[in-house]
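Heads up: the structure comes next, in structure tokens.
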Amino acid sequence: MGRKEMAHRGCCRYYLGILVTILAADSLVAADRKTPDSWIRVGQLGPEAKRMTDALPLSDQTDQGGWERYELQSDEFEGVELDPNKWWPKNPGWLGRQPAFFYPGNVHVSDGKLHLTMRKQEVAEMPKDKGYHSYTSAAVQSKTTIKYGYFEVKAKPMKSHGSSSFWFYDSTPEWWTEIDVFEIGGGAAGFEKKYNMNVHVFRTPTQKQHWSAGGVWAADSNLSDDYHVYGLEWDRDRIKWYFDGVLVRWVENTHWHQLLTLNFDSETMPQWFGLPKDSDLPCTYSIEYVRVWKKKSVEGSCPGAMYQIYPAVVDSQEEFEKVANSLTPGDELILHGGIYSQNARRAVTAKGTLARPIVIRAAEGQTPVLTRPADNIDKYNNIELVDCSYLIIRGIRFEGGSSGVRFIRGHHVTLEDCEICQTGNNALTMNSGDCDAFIIRRNHIHHTGLSNAGAAEGEGMYIGCHDGSCITTNTLVQGNYVHHLRSTSSGGNDGIEIKFGSYDNTVRDNVIHDTNIGRQYPGIFVYGGGAKVNTVEGNVIWNAGEGIQVVSDAIVRNNIIFGCSATGITAAPHAAVPKMQNVTIVNNTIVNHPRGVLIRWAKAASMRFCNNAVYCPSSTAIDASGIDNATFTCNYVTGRLQGVTIDNDRFYDGGSISAALVGPDKNDFWPNSGSVLIGRANPAFAPELDFNHTTRNPPFDVGAYETDGYVKNPCWQVRAGFKVAAENNRQRK
């Protein structure tokens with residue numbers, strides 16, 4: 001929050017009334033403005049609350065609320081310094097209320113307490129041109145945000161005109177709200193016994209006028225004379241204030257449903273408490289503990305919580321891991337931009353439900369980077385997601401680690417709009433137990449296999465176990481951009497590899513290139529051998545070893561493959577797969593490889609190769625054997641042939657590449673007007689859609705595109721970057 005906003009924040013405090021609830025002077029003009037119902041105690045507290053356990057709020061020792069401790073914002077302050085994973089020793093968005101300047105040097109932890117001190121002091125960091133002079137004070141802010149809960153502190157306010165405050169706030173372009181648990185002027189004449197409480201609304205999506213609902217309860221003795229327990233219970237219906245375990249005020253919750261930061265601070269308030277006396281300084285506000293509880297989750301009973309965190313120091317267990325592992329169904333964790341580094345294993349076990357998935361995502365417009373020190377690249381994976389379910393991870397950059405993202409079992413997990421890069425070995429692995437119903441989409445995966453400690457693998461995605469001991473099923477791998485993969489071992493640097501036994505997976509619309517650094521491995525490799533087929537469709541691949549390698553149980557269609565160093569498509573046996581069967585390779589465009597297609601189908605069953613455009617004019621277009629029992633039809637080829645001939649049935653002469661395709665030298669593989677590919681496909685094998693996700697209409701075209709009368713490709717042009725499959729405006733001939 002900017003200083004201008006924060007300066008506005010405090011001006012309302014001077015209108016607090018005693019023993020009543022009042023509103024700031026702004027008129028009630030906004031449509032969503034509603035005076036909240038409220039109540040405030042007058043006079044004595046009544047029966048004293050008895051503490052039986054520290055595990056529950058003082059006001060609810062029999063746990064009528066169903067509370068569980070929330071450690072992310074709880075602290076007993078038992079160390080010798082502020083916990084850097086939980087707290088800022090300042091307010092990151094505000095320098096303080098003039099003339100006092102928030103100075104981190106005034107924040108201390110000792111004797112089991114947090115101390116915030118105000119001094120008559122000037123420091124070099126103090127911007128005098130902004131009105132800061134003469135005084136330094138202190139602030140502590142949580143690094144996480146929270147909505148709803150029970151918040152209890154045991155505190156002793158300072159005995160000076162400086163304030164002692166415990167409050168919550170945050171500001172977004174649409175919402176800016178605040179809850180003041182207390183603001184106490186412990187040494188200010190007339191304020192020594194006053195427990196000042198308030199709620200503020202500074203802006204909502206429909207109104208920008210500030211208003212507040214404040215109230216004061218008067219204690220029997222000066223509040224700065226001793227420690228007292230201050231409590232706030234905040235839920236969707238009411239906000240309640242407690243003093244030593246006894247309710248003193250409540251307000252109807254009409255507006256305070258925003259994620260807020262937790263704050264302690266001391267401020268100068270010249271117009272309210274007056275400036276501090278020099279004789280009272282230095283003076284200290286002390287907090288013995290802050291304890292936070294949230295209500296135990298009941299499935300379907302309420303929306304999940306939303307948490308926000310910021311980068312912290314490198315540690316063996318960073319805040320991200322702690323928060324992620326505390327999430328319950330329906331919760332959302334937002335990571336703000338910056339570096340999140342960890343020097344030990346980072347493992348997350350988040351389990352949502354179908355109705356209430358867990359979301360871990362980047363803050364809007366920001367890039368959080370999960371990484372680790374450089375000397376960890378061969379020691380730990382960047383992150384391991386263990387037995388996760390109904391989990392969505394979005395917008396995070398995973399940089400470094402042996403593997404970038406390792407899934408260890410799990411189901412119904414989505415990884416989207418992330419980046420995985422600069423890994424020692426593979427980028428993404430799913431080879432440590434069965435995985436089902438994953439979605440891996442729109443991720444940027446690049447620069448793998450950087451380890452120099454020994455032979456390195458560098459696969460973009462390693463899915464399933466090589467021997468079939470673990471499998472991945474029912475998973476979508478779509479719209480990813482995978483490139484510049486390095487390997488120095490037989491483990492390889494495949495772009496996407498789906499191992500033996502994994503089935504019912506779809507690999508669609510991925511852009512894959514340069515999987516040939518160090519070693520030369522396929523852009524996509526599907527083994528098969530499972531209960532159902534895998535589908536490989538709409539991908540574009542270049543500068544790989546093999547573009548696509550397929551063994552068994554697969555549909556390979558509508559792919560564009562060009563400029564690979566070994567083959568465009570290899571369909572041949574592999575030692576890991578005992579039986580070759582049920583492969584359909586149709587409507588692919590395969591251009592400029594040493595061998596366009598390599599087929600070895602002896603002893604294979606139910607194999608089909610149809611409607612493909614294969615143009616390798618200066619090399620071998622087709623090298624095939626064992627094809628007598630396979631189905632071949634309407635393939636148009638240019639280049640040398642081995643094991644097949646132009647028979648005007650299975651294989652046709654494709655003519656010159658320049659006559660057939662608009663601009664293969666510019667990666668434009670759209671059929672030319674009058675191309676031999678137009679209207680020549682066998683309709684029995686034509687897919688419903690083409691490479692651009694447009695409907696194929698008869699007479700069907702050979703290759704990945706369906707021209708449908710258009711002289712130019714109306715959709716995404718092949719290039720480095722993510723594929724965009726949406727239709728654009730078209731120009732008919």
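Ordering of the structure tokens sets the chain letters (A, B, ...); residue numbers start at 1 within each chain; ligands are numbered from 1 in the order shown.
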Excluding same-chain residues fewer than 6 positions from A:Pro368, what lies within 8 Å of it counting only C-alpha atoms, as a tab-separated table (two decimals) with N, CA and C atoms, in the first residue's frame?
```tsv
chain	number	residue	atom	x	y	z
A	335	LEU	N	1.39	-16.74	-4.58
A	335	LEU	CA	2.80	-16.41	-4.42
A	335	LEU	C	3.08	-15.10	-5.14
A	336	HIS	N	3.60	-14.14	-4.40
A	336	HIS	CA	4.00	-12.88	-5.03
A	336	HIS	C	5.37	-13.03	-5.67
A	337	GLY	N	5.68	-12.13	-6.60
A	337	GLY	CA	6.88	-12.25	-7.40
A	337	GLY	C	8.15	-12.18	-6.58
A	338	GLY	N	9.20	-12.84	-7.08
A	338	GLY	CA	10.49	-12.84	-6.42
A	338	GLY	C	11.05	-14.24	-6.31
A	339	ILE	N	12.16	-14.37	-5.59
A	339	ILE	CA	12.89	-15.62	-5.50
A	339	ILE	C	12.53	-16.36	-4.21
A	340	TYR	N	12.10	-17.61	-4.34
A	340	TYR	CA	11.83	-18.50	-3.22
A	340	TYR	C	12.87	-19.62	-3.29
A	362	ALA	N	0.56	-17.97	-9.01
A	362	ALA	CA	1.25	-16.70	-8.96
A	362	ALA	C	0.25	-15.57	-8.79
A	395	GLY	N	1.26	-20.64	-13.05
A	395	GLY	CA	2.00	-19.39	-13.21
A	395	GLY	C	3.30	-19.29	-12.45
A	396	ILE	N	3.90	-20.41	-12.03
A	396	ILE	CA	5.12	-20.39	-11.22
A	396	ILE	C	6.30	-20.81	-12.07
A	397	ARG	N	7.44	-20.19	-11.86
A	397	ARG	CA	8.67	-20.58	-12.54
A	397	ARG	C	9.48	-21.47	-11.60
```
I'd like the contact shell of A:Val711 - 12 Å cut-off, only C-alpha atoms, skipping same-chain residues fewer than 3 positions apart - returned as a PDB file with C-alpha atoms, in the first residue's frame.
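Saved as out-v6.pdb:
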```pdb
ATOM      1  CA  LEU A 661       3.449 -26.390 -50.058  1.00  0.00           C
ATOM      2  CA  VAL A 662       3.334 -22.595 -49.758  1.00  0.00           C
ATOM      3  CA  PHE A 669       3.433 -26.015 -44.780  1.00  0.00           C
ATOM      4  CA  TRP A 670      -0.003 -24.912 -45.970  1.00  0.00           C
ATOM      5  CA  PRO A 671      -0.913 -26.604 -49.274  1.00  0.00           C
ATOM      6  CA  ASN A 672      -0.546 -24.355 -52.303  1.00  0.00           C
ATOM      7  CA  SER A 673      -3.535 -23.528 -54.441  1.00  0.00           C
ATOM      8  CA  GLY A 674      -3.768 -26.464 -56.818  1.00  0.00           C
ATOM      9  CA  SER A 675      -1.579 -28.665 -54.598  1.00  0.00           C
ATOM     10  CA  ILE A 678      -5.994 -30.958 -51.751  1.00  0.00           C
ATOM     11  CA  TYR A 705      -4.039 -29.047 -42.754  1.00  0.00           C
ATOM     12  CA  GLU A 706      -7.535 -28.913 -44.219  1.00  0.00           C
ATOM     13  CA  THR A 707      -7.514 -25.956 -46.641  1.00  0.00           C
ATOM     14  CA  ASP A 708     -11.305 -25.772 -47.131  1.00  0.00           C
ATOM     15  CA  PRO A 714      -5.740 -18.477 -41.579  1.00  0.00           C
ATOM     16  CA  CYS A 715      -4.539 -19.514 -38.137  1.00  0.00           C
ATOM     17  CA  ARG A 730      -9.826 -16.096 -43.301  1.00  0.00           C
ATOM     18  CA  GLN A 731      -9.298 -15.065 -46.887  1.00  0.00           C
ATOM     19  CA  ARG A 732     -11.009 -17.270 -49.446  1.00  0.00           C
ATOM     20  CA  LYS A 733      -9.606 -17.741 -52.933  1.00  0.00           C
TER      21      LYS A 733
END
```
Looking at only C-alpha atoms, which of A:Asn692, A:Thr284, A:Gln98, A:Asn343 is the one that sits closest to A:His115?
->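 With only C-alpha atoms as the atom set, the closest residue is A:Thr284.
Picture a line from atom CA of A:His255 to atom CA of A:Val201; it runs 7.4 Å.
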List the neighbours of A:Gln581 out to 7 Å using only C-alpha atoms; skip same-chain residues closer than 2 positions along the sequence, and give me the result as a PyMOL selection string.
-> chain A and resi 552-553+579+583+604-607
With all heavy atoms kept, could you save the residues just selected as a PDB file, in the first residue's frame?
```
ATOM      1  N   SER A 552       3.614 -48.884 -30.148  1.00  0.00           N
ATOM      2  CA  SER A 552       2.373 -49.643 -30.107  1.00  0.00           C
ATOM      3  C   SER A 552       1.258 -48.799 -29.508  1.00  0.00           C
ATOM      4  O   SER A 552       1.509 -47.827 -28.784  1.00  0.00           O
ATOM      5  CB  SER A 552       2.584 -50.914 -29.269  1.00  0.00           C
ATOM      6  OG  SER A 552       1.466 -51.770 -29.326  1.00  0.00           O
ATOM      7  N   ASP A 553       0.024 -49.149 -29.835  1.00  0.00           N
ATOM      8  CA  ASP A 553      -1.179 -48.613 -29.176  1.00  0.00           C
ATOM      9  C   ASP A 553      -1.196 -47.089 -29.174  1.00  0.00           C
ATOM     10  O   ASP A 553      -1.163 -46.434 -28.119  1.00  0.00           O
ATOM     11  CB  ASP A 553      -1.265 -49.145 -27.742  1.00  0.00           C
ATOM     12  CG  ASP A 553      -1.244 -50.667 -27.692  1.00  0.00           C
ATOM     13  OD1 ASP A 553      -2.192 -51.282 -28.178  1.00  0.00           O
ATOM     14  OD2 ASP A 553      -0.241 -51.216 -27.188  1.00  0.00           O
ATOM     15  N   LYS A 579       4.939 -56.348 -27.603  1.00  0.00           N
ATOM     16  CA  LYS A 579       4.043 -56.588 -28.728  1.00  0.00           C
ATOM     17  C   LYS A 579       3.716 -55.275 -29.433  1.00  0.00           C
ATOM     18  O   LYS A 579       3.413 -54.273 -28.780  1.00  0.00           O
ATOM     19  CB  LYS A 579       2.753 -57.242 -28.227  1.00  0.00           C
ATOM     20  CG  LYS A 579       1.812 -57.688 -29.326  1.00  0.00           C
ATOM     21  CD  LYS A 579       0.613 -58.422 -28.740  1.00  0.00           C
ATOM     22  CE  LYS A 579      -0.331 -58.912 -29.827  1.00  0.00           C
ATOM     23  NZ  LYS A 579      -1.503 -59.631 -29.246  1.00  0.00           N
ATOM     24  N   VAL A 583      -1.621 -49.283 -34.159  1.00  0.00           N
ATOM     25  CA  VAL A 583      -1.048 -47.957 -34.394  1.00  0.00           C
ATOM     26  C   VAL A 583      -1.701 -47.360 -35.638  1.00  0.00           C
ATOM     27  O   VAL A 583      -1.771 -48.008 -36.692  1.00  0.00           O
ATOM     28  CB  VAL A 583       0.476 -48.027 -34.581  1.00  0.00           C
ATOM     29  CG1 VAL A 583       1.025 -46.673 -35.028  1.00  0.00           C
ATOM     30  CG2 VAL A 583       1.144 -48.467 -33.287  1.00  0.00           C
ATOM     31  N   ALA A 604       3.696 -57.180 -36.476  1.00  0.00           N
ATOM     32  CA  ALA A 604       2.774 -56.212 -35.872  1.00  0.00           C
ATOM     33  C   ALA A 604       1.357 -56.477 -36.359  1.00  0.00           C
ATOM     34  O   ALA A 604       1.142 -57.058 -37.424  1.00  0.00           O
ATOM     35  CB  ALA A 604       3.192 -54.796 -36.208  1.00  0.00           C
ATOM     36  N   ALA A 605       0.354 -56.024 -35.609  1.00  0.00           N
ATOM     37  CA  ALA A 605      -1.048 -56.230 -35.970  1.00  0.00           C
ATOM     38  C   ALA A 605      -1.815 -54.924 -35.876  1.00  0.00           C
ATOM     39  O   ALA A 605      -1.550 -54.091 -35.008  1.00  0.00           O
ATOM     40  CB  ALA A 605      -1.662 -57.272 -35.042  1.00  0.00           C
ATOM     41  N   SER A 606      -2.765 -54.755 -36.786  1.00  0.00           N
ATOM     42  CA  SER A 606      -3.676 -53.597 -36.790  1.00  0.00           C
ATOM     43  C   SER A 606      -2.894 -52.288 -36.881  1.00  0.00           C
ATOM     44  O   SER A 606      -3.036 -51.391 -36.039  1.00  0.00           O
ATOM     45  CB  SER A 606      -4.561 -53.608 -35.542  1.00  0.00           C
ATOM     46  OG  SER A 606      -5.344 -54.770 -35.499  1.00  0.00           O
ATOM     47  N   MET A 607      -2.101 -52.148 -37.941  1.00  0.00           N
ATOM     48  CA  MET A 607      -1.290 -50.948 -38.156  1.00  0.00           C
ATOM     49  C   MET A 607      -1.803 -50.216 -39.394  1.00  0.00           C
ATOM     50  O   MET A 607      -2.102 -50.834 -40.424  1.00  0.00           O
ATOM     51  CB  MET A 607       0.176 -51.318 -38.324  1.00  0.00           C
ATOM     52  CG  MET A 607       0.704 -52.324 -37.298  1.00  0.00           C
ATOM     53  SD  MET A 607       0.651 -51.742 -35.590  1.00  0.00           S
ATOM     54  CE  MET A 607       2.273 -51.033 -35.421  1.00  0.00           C
TER      55      MET A 607
END
```
Name the residues of stretch 188-417 of chain A that come out as strand (DSSP E) in a backbone DSSP run; write them as JSON, numbers by chain.
-> {"A": [194, 195, 196, 197, 198, 199, 200, 201, 202, 203, 211, 212, 213, 214, 215, 216, 217, 218, 228, 229, 230, 231, 232, 233, 234, 238, 239, 240, 241, 242, 243, 246, 247, 248, 249, 250, 251, 252, 260, 261, 262, 263, 264, 265, 266, 283, 284, 285, 286, 287, 288, 289, 290, 291, 292, 293, 294, 295, 306, 307, 308, 309, 332, 333, 334, 335, 338, 339, 340, 341, 347, 348, 358, 359, 360, 361, 362, 368, 369, 370, 371, 383, 384, 385, 386, 387, 388, 389, 390, 391, 392, 393, 394, 397, 398, 399, 405, 406, 407, 408, 409, 410, 411, 412, 413, 414, 415, 416]}
Show which residues sit within 7 Å of stretch 161-168 of chain A, as an MDAnalysis selection string. Count only C-alpha atoms, and ignore same-chain residues fewer than 3 positions away.
-> chainID A and resid 157:158 178:188 260:269 273:276 285
Save out the residues we just selected, C-alpha atoms, as a PDB file, in the first residue's frame.
```
ATOM      1  CA  PRO A 157       1.033  -0.992  25.442  1.00  0.00           C
ATOM      2  CA  MET A 158       3.756   1.631  25.753  1.00  0.00           C
ATOM      3  CA  GLU A 178      -9.118  -2.414   7.550  1.00  0.00           C
ATOM      4  CA  ILE A 179      -9.882  -3.911  10.965  1.00  0.00           C
ATOM      5  CA  ASP A 180      -8.337  -2.287  14.036  1.00  0.00           C
ATOM      6  CA  VAL A 181      -8.214  -4.679  16.981  1.00  0.00           C
ATOM      7  CA  PHE A 182      -6.851  -1.929  19.181  1.00  0.00           C
ATOM      8  CA  GLU A 183      -5.156   1.467  19.046  1.00  0.00           C
ATOM      9  CA  ILE A 184      -4.086   2.520  22.525  1.00  0.00           C
ATOM     10  CA  GLY A 185      -2.529   5.774  23.669  1.00  0.00           C
ATOM     11  CA  GLY A 186      -1.209   4.411  26.937  1.00  0.00           C
ATOM     12  CA  GLY A 187       0.414   7.652  28.135  1.00  0.00           C
ATOM     13  CA  ALA A 188      -1.861  10.192  26.464  1.00  0.00           C
ATOM     14  CA  LEU A 260      -5.638  -8.847   5.024  1.00  0.00           C
ATOM     15  CA  THR A 261      -2.160  -8.603   6.516  1.00  0.00           C
ATOM     16  CA  LEU A 262      -1.656  -8.769  10.296  1.00  0.00           C
ATOM     17  CA  ASN A 263       0.151  -5.741  11.747  1.00  0.00           C
ATOM     18  CA  PHE A 264       1.676  -4.474  14.965  1.00  0.00           C
ATOM     19  CA  ASP A 265       2.997  -0.929  15.081  1.00  0.00           C
ATOM     20  CA  SER A 266       3.570   2.247  17.054  1.00  0.00           C
ATOM     21  CA  GLU A 267       2.780   5.587  15.448  1.00  0.00           C
ATOM     22  CA  THR A 268       2.824   9.262  16.296  1.00  0.00           C
ATOM     23  CA  MET A 269      -0.745  10.603  16.175  1.00  0.00           C
ATOM     24  CA  PHE A 273      -2.983  11.349  21.191  1.00  0.00           C
ATOM     25  CA  GLY A 274      -0.604  14.285  20.737  1.00  0.00           C
ATOM     26  CA  LEU A 275       3.146  14.103  20.167  1.00  0.00           C
ATOM     27  CA  PRO A 276       5.214  12.074  22.658  1.00  0.00           C
ATOM     28  CA  TYR A 285       5.154  -1.732  23.321  1.00  0.00           C
TER      29      TYR A 285
END
```
If you count only C-alpha atoms, the residue of A:Val123, A:Ile445, A:Ala572, A:Ala531 closest to A:Thr515 turns out to be A:Ile445
Identify which of the residues A:Glu71, A:Asp378, A:Asp434, A:Asp237 lies closest to A:Ser469, counting only C-alpha atoms when measuring atom-to-atom distances.
->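 Once distances to A:Ser469 are computed over only C-alpha atoms, the minimum belongs to A:Asp434.
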For atom CA of A:Leu485 and atom CA of A:Ile517, determine how far apart the two atoms are, in Å to one decimal place.
-> 6.1 Å
Distance of atom CA of A:Asn667 from atom CA of A:Thr694, expressed in Å to one decimal place = 19.8 Å
With only C-alpha atoms as the atoms that count, which of A:Ala344, A:Ile439, A:Asn325, A:Thr35 lies nearest to A:Val386?
-> A:Asn325
Long-range neighbours of A:Thr371 as a ChimeraX atom specification, 8 Å cut-off, only C-alpha atoms, 2 positions minimum in chain = /A:339-342,369,373,382,398-401
Which is closer to A:Val540 than all the others in A:Gly568, A:Gly330, A:Gly190, A:Gly655, using only C-alpha atoms?
->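 Selected residue with least distance to A:Val540: A:Gly568.
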Excluding A:Ser625 and any residue of its chain fewer than 6 positions from it, enumerate the residues within 12 Å of it, using only C-alpha atoms, and give them as number ranges by chain.
-> A: 571-573, 597-604, 641-644
Residue subset to file, keeping N, CA, C and O atoms, as a PDB file, in the first residue's frame:
```
ATOM      1  N   ALA A 571       8.387 -45.710 -36.617  1.00  0.00           N
ATOM      2  CA  ALA A 571       7.404 -46.664 -36.104  1.00  0.00           C
ATOM      3  C   ALA A 571       8.062 -48.032 -36.167  1.00  0.00           C
ATOM      4  O   ALA A 571       8.085 -48.687 -37.220  1.00  0.00           O
ATOM      5  N   ALA A 572       8.618 -48.453 -35.041  1.00  0.00           N
ATOM      6  CA  ALA A 572       9.469 -49.642 -35.039  1.00  0.00           C
ATOM      7  C   ALA A 572       9.454 -50.281 -33.664  1.00  0.00           C
ATOM      8  O   ALA A 572       9.033 -49.670 -32.678  1.00  0.00           O
ATOM      9  N   PRO A 573       9.946 -51.520 -33.546  1.00  0.00           N
ATOM     10  CA  PRO A 573       9.963 -52.199 -32.243  1.00  0.00           C
ATOM     11  C   PRO A 573      10.888 -51.518 -31.249  1.00  0.00           C
ATOM     12  O   PRO A 573      11.790 -50.761 -31.607  1.00  0.00           O
ATOM     13  N   VAL A 597      10.079 -41.259 -42.994  1.00  0.00           N
ATOM     14  CA  VAL A 597       9.376 -42.224 -42.165  1.00  0.00           C
ATOM     15  C   VAL A 597      10.143 -43.543 -42.185  1.00  0.00           C
ATOM     16  O   VAL A 597      10.486 -44.067 -43.258  1.00  0.00           O
ATOM     17  N   LEU A 598      10.396 -44.077 -41.012  1.00  0.00           N
ATOM     18  CA  LEU A 598      11.004 -45.393 -40.853  1.00  0.00           C
ATOM     19  C   LEU A 598       9.966 -46.319 -40.243  1.00  0.00           C
ATOM     20  O   LEU A 598       9.471 -46.058 -39.140  1.00  0.00           O
ATOM     21  N   ILE A 599       9.626 -47.388 -40.956  1.00  0.00           N
ATOM     22  CA  ILE A 599       8.614 -48.337 -40.486  1.00  0.00           C
ATOM     23  C   ILE A 599       9.223 -49.731 -40.448  1.00  0.00           C
ATOM     24  O   ILE A 599       9.787 -50.211 -41.438  1.00  0.00           O
ATOM     25  N   ARG A 600       9.066 -50.391 -39.294  1.00  0.00           N
ATOM     26  CA  ARG A 600       9.463 -51.780 -39.139  1.00  0.00           C
ATOM     27  C   ARG A 600       8.315 -52.504 -38.425  1.00  0.00           C
ATOM     28  O   ARG A 600       8.236 -52.528 -37.202  1.00  0.00           O
ATOM     29  N   TRP A 601       7.410 -53.093 -39.252  1.00  0.00           N
ATOM     30  CA  TRP A 601       6.185 -53.636 -38.686  1.00  0.00           C
ATOM     31  C   TRP A 601       6.051 -55.152 -38.864  1.00  0.00           C
ATOM     32  O   TRP A 601       4.941 -55.688 -38.882  1.00  0.00           O
ATOM     33  N   ALA A 602       7.128 -55.837 -38.972  1.00  0.00           N
ATOM     34  CA  ALA A 602       7.039 -57.299 -39.006  1.00  0.00           C
ATOM     35  C   ALA A 602       6.443 -57.799 -37.686  1.00  0.00           C
ATOM     36  O   ALA A 602       6.792 -57.308 -36.608  1.00  0.00           O
ATOM     37  N   LYS A 603       5.518 -58.733 -37.763  1.00  0.00           N
ATOM     38  CA  LYS A 603       4.836 -59.332 -36.611  1.00  0.00           C
ATOM     39  C   LYS A 603       3.928 -58.341 -35.885  1.00  0.00           C
ATOM     40  O   LYS A 603       3.454 -58.619 -34.782  1.00  0.00           O
ATOM     41  N   ALA A 604       3.696 -57.180 -36.476  1.00  0.00           N
ATOM     42  CA  ALA A 604       2.774 -56.212 -35.872  1.00  0.00           C
ATOM     43  C   ALA A 604       1.357 -56.477 -36.359  1.00  0.00           C
ATOM     44  O   ALA A 604       1.142 -57.058 -37.424  1.00  0.00           O
ATOM     45  N   LEU A 641      12.500 -44.025 -52.045  1.00  0.00           N
ATOM     46  CA  LEU A 641      11.640 -45.000 -51.385  1.00  0.00           C
ATOM     47  C   LEU A 641      12.402 -46.303 -51.187  1.00  0.00           C
ATOM     48  O   LEU A 641      13.101 -46.773 -52.086  1.00  0.00           O
ATOM     49  N   GLN A 642      12.238 -46.893 -49.989  1.00  0.00           N
ATOM     50  CA  GLN A 642      12.801 -48.198 -49.697  1.00  0.00           C
ATOM     51  C   GLN A 642      11.707 -49.069 -49.113  1.00  0.00           C
ATOM     52  O   GLN A 642      11.099 -48.718 -48.105  1.00  0.00           O
ATOM     53  N   GLY A 643      11.432 -50.183 -49.784  1.00  0.00           N
ATOM     54  CA  GLY A 643      10.421 -51.121 -49.316  1.00  0.00           C
ATOM     55  C   GLY A 643       9.021 -50.807 -49.784  1.00  0.00           C
ATOM     56  O   GLY A 643       8.092 -51.568 -49.474  1.00  0.00           O
ATOM     57  N   VAL A 644       8.822 -49.700 -50.468  1.00  0.00           N
ATOM     58  CA  VAL A 644       7.518 -49.337 -51.035  1.00  0.00           C
ATOM     59  C   VAL A 644       7.743 -48.736 -52.417  1.00  0.00           C
ATOM     60  O   VAL A 644       8.871 -48.372 -52.786  1.00  0.00           O
TER      61      VAL A 644
END
```
Hey, what does DSSP flag as helix (DSSP H, G or I) within stretch 247-466 of chain A? Can you give it to me as a list in words?
->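 After running DSSP on the backbone, stretch 247-466 of chain A has helix (DSSP H, G or I) at Asp278, Ser279, Asp280, Glu319, Phe320, Glu321, Lys322, Val323, Ala324, Ala374, Asp375 and Asn376 of chain A.
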